[in-house]
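As stored in start_11.txt (compact mmCIF, C-alpha atoms):
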```txt
# COMPACT_ATOMS: atom_id res chain seq x y z
CA MET A 1 5.88 10.24 50.52
CA ASN A 2 5.43 8.09 47.46
CA LEU A 3 5.14 11.11 45.22
CA ILE A 4 8.52 12.23 46.38
CA ARG A 5 10.00 8.80 45.77
CA LEU A 6 9.10 9.13 42.10
CA ILE A 7 11.45 12.01 41.64
CA PRO A 8 15.04 10.84 41.40
CA ALA A 9 17.74 13.02 42.79
CA LYS A 10 19.78 14.56 40.00
CA GLY A 11 22.58 12.19 39.05
CA SER A 12 21.41 9.58 41.48
CA GLY A 13 21.22 7.04 38.68
CA GLN A 14 18.12 5.72 40.36
CA ASP A 15 15.67 4.40 37.81
CA ILE A 16 12.04 4.84 38.64
CA ASP A 17 9.55 2.36 37.31
CA TYR A 18 6.44 3.78 35.79
CA PRO A 19 3.66 3.37 38.29
CA GLY A 20 1.19 1.35 36.28
CA TYR A 21 1.11 -1.73 38.45
CA SER A 22 1.51 -0.15 41.83
CA PRO A 23 -1.79 0.07 43.72
CA ILE A 24 -0.72 3.42 45.04
CA PHE A 25 -0.01 4.90 41.66
CA LEU A 26 -2.97 3.48 39.80
CA VAL A 27 -4.80 6.50 41.09
CA CYS A 28 -2.05 8.92 40.16
CA LYS A 29 -2.61 11.46 37.44
CA PRO A 30 0.26 12.33 35.14
CA LEU A 31 0.96 15.86 34.08
CA ALA A 32 2.93 16.60 30.96
CA PHE A 33 5.79 18.16 32.80
CA PRO A 34 9.21 16.73 32.05
CA PHE A 35 11.47 16.18 34.98
CA GLU A 36 14.70 14.44 34.09
CA GLY A 37 12.81 12.41 31.57
CA LYS A 38 10.23 11.39 34.15
CA ARG A 39 6.90 12.93 34.89
CA LEU A 40 5.16 14.16 37.98
CA PHE A 41 2.02 12.35 38.97
CA PHE A 42 -1.27 13.55 40.27
CA TRP A 43 -4.47 11.77 41.14
CA GLY A 44 -6.65 10.42 38.39
CA ASP A 45 -5.12 8.87 35.26
CA GLU A 46 -3.58 5.54 34.49
CA TYR A 47 -0.51 4.70 32.58
CA MET A 48 -0.72 1.87 30.12
CA ASP A 49 1.92 -0.47 28.75
CA ILE A 50 2.06 -0.55 24.96
CA PHE A 51 4.71 -1.32 22.36
CA VAL A 52 5.70 1.57 20.12
CA ASN A 53 8.01 0.68 17.25
CA GLY A 54 9.09 -2.43 19.07
CA MET A 55 9.83 -0.71 22.38
CA GLN A 56 7.70 -1.21 25.48
CA GLU A 57 6.48 2.08 26.89
CA ALA A 58 4.13 3.26 29.58
CA VAL A 59 2.03 6.08 28.24
CA PRO A 60 -0.71 8.21 29.79
CA VAL A 61 -2.96 8.08 26.73
CA ARG A 62 -6.20 6.41 25.72
CA THR A 63 -6.38 6.99 21.97
CA ILE A 64 -4.04 7.19 19.02
CA ILE A 65 -4.47 10.90 18.64
CA GLU A 66 -3.47 11.34 22.28
CA LEU A 67 -0.40 9.21 21.70
CA VAL A 68 0.61 11.27 18.67
CA ALA A 69 0.19 14.45 20.72
CA HIS A 70 1.98 12.91 23.70
CA LYS A 71 4.98 12.18 21.49
CA GLY A 72 4.90 15.66 19.98
CA LEU A 73 4.62 14.29 16.44
CA GLU A 74 3.28 16.06 13.38
CA ALA A 75 0.29 14.19 12.11
CA ASP A 76 0.56 14.94 8.40
CA SER A 77 3.40 12.65 7.44
CA LEU A 78 2.67 9.97 10.00
CA VAL A 79 1.42 6.48 9.25
CA VAL A 80 0.06 4.50 12.20
CA GLU A 81 -0.27 0.76 12.30
CA LEU A 82 -2.08 -0.77 15.29
CA ASN A 83 -1.63 -4.52 15.73
CA GLN A 84 -0.74 -4.77 12.02
CA ARG A 85 -3.79 -2.79 10.92
CA ILE A 86 -3.43 0.65 9.38
CA ILE A 87 -5.48 3.24 11.19
CA LYS A 88 -6.41 6.13 8.97
CA GLN A 89 -5.92 9.58 10.41
CA GLU A 90 -9.61 10.37 10.65
CA LEU A 91 -10.00 7.38 12.99
CA TRP A 92 -7.21 8.37 15.35
CA PRO A 93 -9.46 10.25 17.84
CA GLU A 94 -11.82 7.32 18.28
CA THR A 95 -9.31 4.47 18.17
CA ARG A 96 -8.75 3.46 21.78
CA LEU A 97 -5.56 1.79 22.88
CA GLN A 98 -5.32 -1.18 25.19
CA ALA A 99 -2.48 -2.51 27.25
CA GLY A 100 -0.24 -4.74 25.15
CA ASP A 101 -1.15 -3.06 21.85
CA LYS A 102 1.60 -3.04 19.27
CA LEU A 103 1.92 0.23 17.40
CA GLU A 104 4.13 1.19 14.51
CA LEU A 105 4.65 4.89 13.90
CA LEU A 106 6.06 5.25 10.42
CA ASN A 107 6.81 7.90 7.88
CA PHE A 108 8.11 8.10 4.35
CA VAL A 109 11.79 8.79 3.93
CA GLY A 110 14.24 8.99 1.08
CA GLY A 111 15.04 5.66 -0.53
CA GLY A 112 16.01 4.14 -3.84
CA MET B 1 9.65 6.41 -34.65
CA THR B 2 10.53 9.24 -32.32
CA THR B 3 10.71 9.02 -28.56
CA ASP B 4 7.59 11.21 -28.37
CA ASP B 5 5.18 8.47 -29.40
CA ASP B 6 7.11 5.86 -27.51
CA ALA B 7 5.62 6.06 -24.04
CA LEU B 8 6.11 3.24 -21.56
CA GLN B 9 2.86 1.68 -20.38
CA LEU B 10 3.01 0.42 -16.83
CA GLY B 11 0.16 -0.41 -14.51
CA GLY B 12 -2.34 1.45 -16.63
CA ALA B 13 -0.22 4.59 -16.56
CA ARG B 14 1.79 6.14 -19.34
CA PHE B 15 5.36 7.32 -18.85
CA THR B 16 6.99 9.43 -21.49
CA SER B 17 10.20 9.48 -19.46
CA ARG B 18 11.98 6.18 -19.17
CA LEU B 19 14.16 7.43 -16.35
CA PHE B 20 12.92 6.41 -12.91
CA THR B 21 14.62 8.11 -9.99
CA GLY B 22 14.96 7.70 -6.24
CA THR B 23 14.80 9.97 -3.21
CA GLY B 24 17.61 8.39 -1.19
CA LYS B 25 20.92 10.02 -0.28
CA PHE B 26 20.18 13.60 -1.33
CA ALA B 27 22.07 16.14 0.76
CA ALA B 28 18.81 18.07 1.13
CA ASN B 29 15.24 17.17 0.23
CA ALA B 30 14.91 20.52 -1.52
CA GLN B 31 17.16 19.13 -4.28
CA ILE B 32 14.55 16.52 -5.16
CA PRO B 33 11.95 18.72 -6.94
CA LYS B 34 14.73 20.48 -8.85
CA MET B 35 16.17 17.15 -9.94
CA LEU B 36 12.71 15.95 -10.98
CA ALA B 37 12.13 19.06 -13.07
CA ALA B 38 15.55 18.81 -14.70
CA SER B 39 15.42 15.09 -15.39
CA GLY B 40 11.79 14.89 -16.47
CA SER B 41 11.47 11.72 -14.39
CA GLN B 42 7.84 10.73 -13.82
CA MET B 43 8.36 7.97 -11.28
CA ILE B 44 10.30 8.19 -8.04
CA THR B 45 10.94 5.78 -5.20
CA VAL B 46 10.37 6.44 -1.50
CA ALA B 47 10.93 4.25 1.54
CA LEU B 48 8.91 3.69 4.70
CA ARG B 49 10.58 3.74 8.10
CA ARG B 50 9.82 3.93 11.80
CA ILE B 51 9.85 7.53 12.88
CA ASP B 52 13.01 8.84 14.42
CA ALA B 53 11.75 10.76 17.43
CA LEU B 54 15.05 12.59 17.79
CA ALA B 55 15.42 13.75 14.19
CA LYS B 56 13.57 16.66 12.71
CA GLN B 57 10.56 15.33 10.86
CA GLU B 58 10.32 16.27 7.23
CA ASN B 59 7.61 14.95 4.99
CA ILE B 60 9.47 13.81 1.90
CA LEU B 61 6.22 13.50 -0.03
CA GLU B 62 5.90 17.28 0.07
CA TYR B 63 8.94 17.50 -2.16
CA ILE B 64 7.44 15.34 -4.88
CA PRO B 65 5.05 17.00 -7.34
CA LYS B 66 1.65 15.30 -7.64
CA THR B 67 2.29 14.62 -11.32
CA VAL B 68 5.12 12.24 -10.43
CA THR B 69 4.13 8.65 -9.68
CA LEU B 70 5.30 7.40 -6.31
CA LEU B 71 7.04 4.06 -6.24
CA PRO B 72 7.30 3.07 -2.59
CA ASN B 73 9.84 0.35 -1.98
CA THR B 74 9.77 -2.42 0.58
CA SER B 75 13.34 -1.86 1.68
CA GLY B 76 13.94 -3.11 5.17
CA ALA B 77 11.93 -6.24 4.46
CA ARG B 78 13.76 -9.51 4.98
CA THR B 79 10.87 -11.79 4.16
CA ALA B 80 8.02 -11.87 1.67
CA GLU B 81 5.58 -11.36 4.53
CA GLN B 82 7.30 -8.16 5.62
CA ALA B 83 7.37 -6.89 2.04
CA VAL B 84 3.64 -7.53 1.71
CA ARG B 85 2.99 -5.70 4.96
CA ILE B 86 5.03 -2.68 3.90
CA ALA B 87 3.27 -2.60 0.54
CA ARG B 88 -0.14 -2.58 2.19
CA ILE B 89 0.92 0.20 4.54
CA ALA B 90 2.22 2.29 1.65
CA ARG B 91 -1.01 1.87 -0.26
CA GLU B 92 -3.14 2.64 2.78
CA ALA B 93 -1.03 5.73 3.35
CA GLY B 94 -2.13 7.03 -0.03
CA CYS B 95 0.89 6.18 -2.16
CA GLY B 96 -1.07 4.45 -4.89
CA ASP B 97 -0.79 0.92 -6.22
CA PHE B 98 2.80 0.91 -7.43
CA ILE B 99 5.24 -1.04 -5.31
CA LYS B 100 8.90 -1.87 -5.76
CA ILE B 101 9.56 -5.14 -4.00
CA GLU B 102 12.95 -5.14 -2.42
CA VAL B 103 13.72 -8.01 -0.06
CA ILE B 104 17.28 -8.17 1.16
CA THR B 105 18.58 -10.87 3.47
CA ASP B 106 22.25 -10.55 2.61
CA MET B 107 23.24 -7.45 4.50
CA LYS B 108 26.85 -7.51 3.36
CA HIS B 109 26.39 -7.48 -0.39
CA LEU B 110 22.79 -6.22 -0.38
CA MET B 111 21.77 -8.80 -2.95
CA PRO B 112 18.01 -9.05 -3.46
CA ASP B 113 16.51 -12.33 -2.27
CA ASN B 114 14.89 -13.61 -5.45
CA TRP B 115 12.92 -16.36 -3.70
CA GLU B 116 11.25 -14.11 -1.12
CA THR B 117 10.69 -11.50 -3.83
CA LEU B 118 8.82 -14.01 -5.97
CA LYS B 119 6.57 -14.97 -3.05
CA ALA B 120 5.81 -11.33 -2.30
CA THR B 121 5.10 -10.65 -5.99
CA GLU B 122 2.58 -13.48 -6.15
CA ASN B 123 0.69 -12.15 -3.16
CA LEU B 124 0.75 -8.47 -4.03
CA ALA B 125 -0.21 -8.95 -7.66
CA LYS B 126 -3.32 -10.82 -6.43
CA GLU B 127 -4.13 -7.82 -4.26
CA GLY B 128 -4.09 -5.54 -7.27
CA PHE B 129 -0.73 -3.90 -6.79
CA VAL B 130 1.40 -2.82 -9.73
CA VAL B 131 4.37 -4.92 -8.71
CA LEU B 132 7.90 -4.05 -9.76
CA PRO B 133 10.22 -6.65 -8.24
CA TYR B 134 13.90 -5.81 -7.82
CA VAL B 135 15.91 -8.96 -8.49
CA LEU B 136 19.15 -10.52 -9.58
CA PRO B 137 18.82 -11.08 -13.32
CA ASP B 138 17.75 -14.70 -13.63
CA LEU B 139 15.67 -15.73 -16.62
CA PRO B 140 13.65 -18.60 -15.12
CA LEU B 141 12.85 -16.41 -12.14
CA ALA B 142 11.85 -13.51 -14.39
CA LYS B 143 9.42 -15.81 -16.23
CA ARG B 144 7.97 -16.89 -12.89
CA LEU B 145 7.59 -13.25 -11.87
CA GLU B 146 5.81 -12.58 -15.14
CA ASN B 147 3.43 -15.48 -14.54
CA ALA B 148 2.87 -14.26 -11.00
CA GLY B 149 1.60 -10.96 -12.34
CA ALA B 150 4.60 -8.66 -12.05
CA ALA B 151 4.10 -5.45 -14.03
CA ALA B 152 7.82 -5.28 -14.83
CA VAL B 153 11.02 -6.96 -13.77
CA MET B 154 13.84 -4.85 -12.37
CA PRO B 155 17.20 -6.61 -12.56
CA LEU B 156 20.25 -5.04 -10.98
CA GLY B 157 23.12 -3.90 -13.17
CA ALA B 158 25.55 -3.98 -10.25
CA PRO B 159 25.13 -4.04 -6.45
CA ILE B 160 23.17 -1.15 -4.92
CA GLY B 161 25.06 2.11 -4.68
CA THR B 162 28.23 0.86 -6.38
CA ASN B 163 27.96 2.93 -9.57
CA ARG B 164 29.74 0.12 -11.40
CA GLY B 165 27.33 -0.03 -14.31
CA LEU B 166 26.11 -3.03 -16.28
CA GLU B 167 28.13 -5.85 -14.74
CA THR B 168 25.26 -8.25 -15.32
CA LYS B 169 24.76 -7.19 -18.93
CA PRO B 170 24.57 -10.64 -20.61
CA LEU B 171 22.02 -11.83 -18.06
CA ILE B 172 19.88 -8.71 -18.45
CA GLU B 173 19.99 -9.21 -22.22
CA LEU B 174 18.45 -12.64 -21.73
CA LEU B 175 15.57 -11.06 -19.82
CA ILE B 176 15.08 -8.42 -22.49
CA GLU B 177 14.99 -11.06 -25.23
CA ASN B 178 12.67 -13.45 -23.45
CA CYS B 179 10.30 -11.51 -21.22
CA THR B 180 7.07 -9.88 -22.25
CA VAL B 181 6.91 -7.45 -19.33
CA PRO B 182 9.09 -4.32 -19.35
CA ILE B 183 12.64 -4.73 -18.05
CA VAL B 184 13.84 -1.86 -15.87
CA VAL B 185 17.53 -1.87 -14.98
CA ASP B 186 17.67 -0.91 -11.33
CA ALA B 187 20.75 -0.44 -9.16
CA GLY B 188 24.36 -0.04 -10.10
CA ILE B 189 24.04 2.49 -12.91
CA GLY B 190 26.61 5.13 -12.09
CA ARG B 191 26.97 7.18 -15.27
CA PRO B 192 24.71 8.52 -17.97
CA SER B 193 26.72 6.51 -20.50
CA GLN B 194 25.79 3.33 -18.62
CA ALA B 195 22.13 4.32 -18.64
CA ALA B 196 22.42 4.93 -22.37
CA ALA B 197 24.03 1.50 -22.81
CA ALA B 198 21.17 -0.14 -20.91
CA MET B 199 18.61 1.58 -23.10
CA GLU B 200 20.55 0.79 -26.30
CA MET B 201 20.41 -2.90 -25.52
CA GLY B 202 16.66 -2.67 -25.17
CA ALA B 203 15.90 -2.07 -21.51
CA ASP B 204 12.51 -0.40 -21.20
CA ALA B 205 13.62 2.00 -18.48
CA VAL B 206 16.32 2.52 -15.88
CA LEU B 207 16.05 3.42 -12.22
CA VAL B 208 18.83 5.71 -11.00
CA ASN B 209 19.22 7.05 -7.49
CA THR B 210 22.75 7.15 -6.06
CA ALA B 211 24.41 8.38 -9.24
CA ILE B 212 22.13 11.42 -9.32
CA ALA B 213 21.62 12.06 -5.62
CA THR B 214 25.31 11.96 -4.71
CA ALA B 215 26.59 13.88 -7.72
CA ALA B 216 28.02 17.28 -6.87
CA ASP B 217 25.13 18.81 -8.82
CA PRO B 218 22.14 16.43 -8.73
CA GLU B 219 19.97 18.75 -10.80
CA THR B 220 22.39 18.84 -13.72
CA MET B 221 23.15 15.14 -13.37
CA GLY B 222 19.43 14.46 -13.59
CA ARG B 223 19.34 16.33 -16.87
CA ALA B 224 22.38 14.38 -18.11
CA PHE B 225 20.65 11.08 -17.31
CA ASP B 226 17.50 12.24 -19.07
CA LEU B 227 19.45 12.95 -22.24
CA ALA B 228 21.36 9.68 -21.99
CA VAL B 229 18.20 7.62 -21.52
CA LYS B 230 16.56 9.37 -24.47
CA ALA B 231 19.65 8.87 -26.65
CA GLY B 232 19.92 5.20 -25.70
CA ARG B 233 16.25 4.58 -26.34
CA MET B 234 16.38 6.37 -29.68
CA ALA B 235 19.42 4.29 -30.70
CA TYR B 236 17.60 1.09 -29.76
CA LEU B 237 14.58 2.05 -31.81
CA ALA B 238 16.82 3.03 -34.74
CA ARG B 239 18.39 -0.48 -34.60
CA LEU B 240 22.11 -0.46 -34.02
CA ALA B 241 24.39 -1.28 -36.92
CA GLU B 242 26.16 -4.62 -36.73
CA GLU B 243 29.55 -5.12 -35.14
CA SER B 244 32.38 -6.60 -37.14
CA SER B 245 35.65 -8.08 -36.00
CA LEU B 246 37.37 -6.95 -39.20
CA ALA B 247 37.90 -3.38 -40.28
CA ARG B 248 35.54 -2.16 -42.98
CA ALA B 249 36.34 1.13 -44.64
CA SER B 250 33.78 3.84 -44.34
CA SER B 251 35.11 5.62 -47.44
CA PRO B 252 35.59 4.00 -50.87
CA LEU B 253 39.12 2.58 -51.16
CA THR B 254 39.42 2.91 -54.92
CA GLY B 255 39.44 5.62 -57.57
CA PHE B 256 41.90 7.97 -56.00
CA LEU B 257 45.18 9.56 -57.19
CA ASP B 258 47.48 6.64 -58.13
CA ASP B 259 44.69 4.27 -59.28
```
As structure tokens, the full file:
Amino acid sequence: MNLIRLIPAKGSGQDIDYPGYSPIFLVCKPLAFPFEGKRLFFWGDEYMDIFVNGMQEAVPVRTIIELVAHKGLEADSLVVELNQRIIKQELWPETRLQAGDKLELLNFVGGG
Amino acid sequence: MTTDDDALQLGGARFTSRLFTGTGKFAANAQIPKMLAASGSQMITVALRRIDALAKQENILEYIPKTVTLLPNTSGARTAEQAVRIARIAREAGCGDFIKIEVITDMKHLMPDNWETLKATENLAKEGFVVLPYVLPDLPLAKRLENAGAAAVMPLGAPIGTNRGLETKPLIELLIENCTVPIVVDAGIGRPSQAAAAMEMGADAVLVNTAIATAADPETMGRAFDLAVKAGRMAYLARLAEESSLARASSPLTGFLDD
């Protein structure tokens, strides 16, 4: 029942909250399968609230490297700042994220 | 003295080209290495921004040869604290110790905030950065920047991106006469002739971005700026002849025909 409720009807305009705080969905496992910008959920994983570039997001990741992969970003040009501390790329796999973390994902661009 | 043995020393590095360039506003990043090769520029600015998840990611650093010194700027900073944070990020990201401090609070005219820039300079110089603050030309401030450990002072010639040239010329001349650190004219230079004029009056280098990047042919314009900077520097070293308000004949006026 609840699984079905997560999937909005096309054009329904119904906004679904991420399930992080719902006791039912705390045991839901996300699968990287886009469905109108939402995801389907299966048993197991938790979503976590973090701030990425100033925007609050619920993400199904535990480490920085998972976040980078989750966002489909290329690692080479990326600079990651976690709570105002730069995290070097070699530390991304072992750097765990916690709810409320503030991340900046940056890269170098043209400028004068 | 030729321009060959006249390298600019900055932050322990040696620059034989006194033309600094920027990476902003190019129609395509692929133009950047061509412009660098044509202009001979050995220092180029880059900026740091939040990723744009929707845009195609291109690593601008891949377009800059390793022999060219990166000069990350702190554009986007509105306070000294933000500038310091950006500088630390740039250094951690492997961009080296050079930093152009750019703090802008006036979003209409894009005037640099001299006060915040001074505060950021003080902090970053203590942390071992090679600090190049971008400022409005103000002599007392420039002396304070010097005392704070700035490696150079970079006064604007005209507002960013205007290509209006050396509108602040008399004020920049004061800096050149009174400062011990190199003076790099940054912003506003729109033509090679203006770059040459800056170098003739004794600027140690110029930083040119818009005028090159938005020219129809950035590569050739880079070459033109290189020549202009070299010509201006050579003229400065050769000491310009004096101006006179009265005409003075270049040829003898006597001993001819009817005399």
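Coordinates place atom CA of Ile86 of chain B at a distance of 10.6 Å from atom CA of Ile86 of chain A.
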For chain B versus chain A, which residues have an atom no more than 6 Å away, and what is each residue's nearest atom pair and distance in Å rounded to one decimal, using all atoms listed in the file, chain-then-number order, as a tab-separated table?
```
residue	atom	partner	partner_atom	distance
B:Gly22	CA	A:Gly112	CA	4.4
B:Thr23	CA	A:Gly110	CA	4.4
B:Gly24	CA	A:Gly111	CA	3.8
B:Thr45	CA	A:Gly112	CA	5.5
B:Val46	CA	A:Gly111	CA	4.8
B:Ala47	CA	A:Gly111	CA	4.8
B:Leu48	CA	A:Phe108	CA	4.5
B:Arg49	CA	A:Leu106	CA	5.3
B:Arg50	CA	A:Leu106	CA	4.2
B:Ile51	CA	A:Leu106	CA	5.1
B:Asn59	CA	A:Ser77	CA	5.4
B:Ile60	CA	A:Val109	CA	5.9
B:Asn209	CA	A:Gly112	CA	5.7
```
Could those residues be written to a file, using C-alpha atoms, as a tab-separated table (two decimals), in the frame of the given file?
```
chain	number	residue	atom	x	y	z
B	22	GLY	CA	14.96	7.70	-6.24
B	23	THR	CA	14.80	9.97	-3.21
B	24	GLY	CA	17.61	8.39	-1.19
B	45	THR	CA	10.94	5.78	-5.20
B	46	VAL	CA	10.37	6.44	-1.50
B	47	ALA	CA	10.93	4.25	1.54
B	48	LEU	CA	8.91	3.69	4.70
B	49	ARG	CA	10.58	3.74	8.10
B	50	ARG	CA	9.82	3.93	11.80
B	51	ILE	CA	9.85	7.53	12.88
B	59	ASN	CA	7.61	14.95	4.99
B	60	ILE	CA	9.47	13.81	1.90
B	209	ASN	CA	19.22	7.05	-7.49
```
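Straight-line separation from atom CA of Leu118 of chain B to atom CA of Glu102 of chain B: 10.4 Å.
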Quiz item: Hey, can you check how far atom CA of Ser39 of chain B sits from atom CA of Lys66 of chain B?
Solution: 15.8 Å
Exercise. Skip segment 212-216 of chain B itself and residues of its chain fewer than 2 positions away, then list as a ChimeraX atom specification all residues within 9 Å of it, counting all atoms listed in the file.
Key: /B:21-27,31-32,35,190-191,208-210,218-222,225
Pick out the residues sitting within 6 Å of Val185 of chain B, and hand them over as a short mmCIF file (atom, residue, chain, number, x, y, z; two decimals) with C-alpha atoms, keeping the file's coordinate frame; count all atoms listed in the file, and ignore anything fewer than 3 positions along from it in its own chain.
```cif
data_model
loop_
_atom_site.label_atom_id
_atom_site.label_comp_id
_atom_site.auth_asym_id
_atom_site.auth_seq_id
_atom_site.Cartn_x
_atom_site.Cartn_y
_atom_site.Cartn_z
CA MET B 154 13.84 -4.85 -12.37
CA PRO B 155 17.20 -6.61 -12.56
CA LEU B 156 20.25 -5.04 -10.98
CA VAL B 206 16.32 2.52 -15.88
#
```
Practice problem: Please check which residues have atoms at most 7 Å from (-3.3, -1.9, 25.4) in the file's coordinates, counting all atoms listed in the file, and write them as a ChimeraX atom specification. | Solution: /A:48-50,97-101
Quiz item: What's the 7 Å shell around segment 192-203 of chain B, counting only C-alpha atoms, without same-chain residues fewer than 2 positions away, as a count of residues only?
Solution: 19
Quiz prompt | Spatial neighbours of Leu124 of chain B, 10 Å, all atoms listed in the file, chain gap at least 6 places, as a ChimeraX atom specification | solution = /B:80,83-85,87-88,97,99,101,118,130-131,148-150
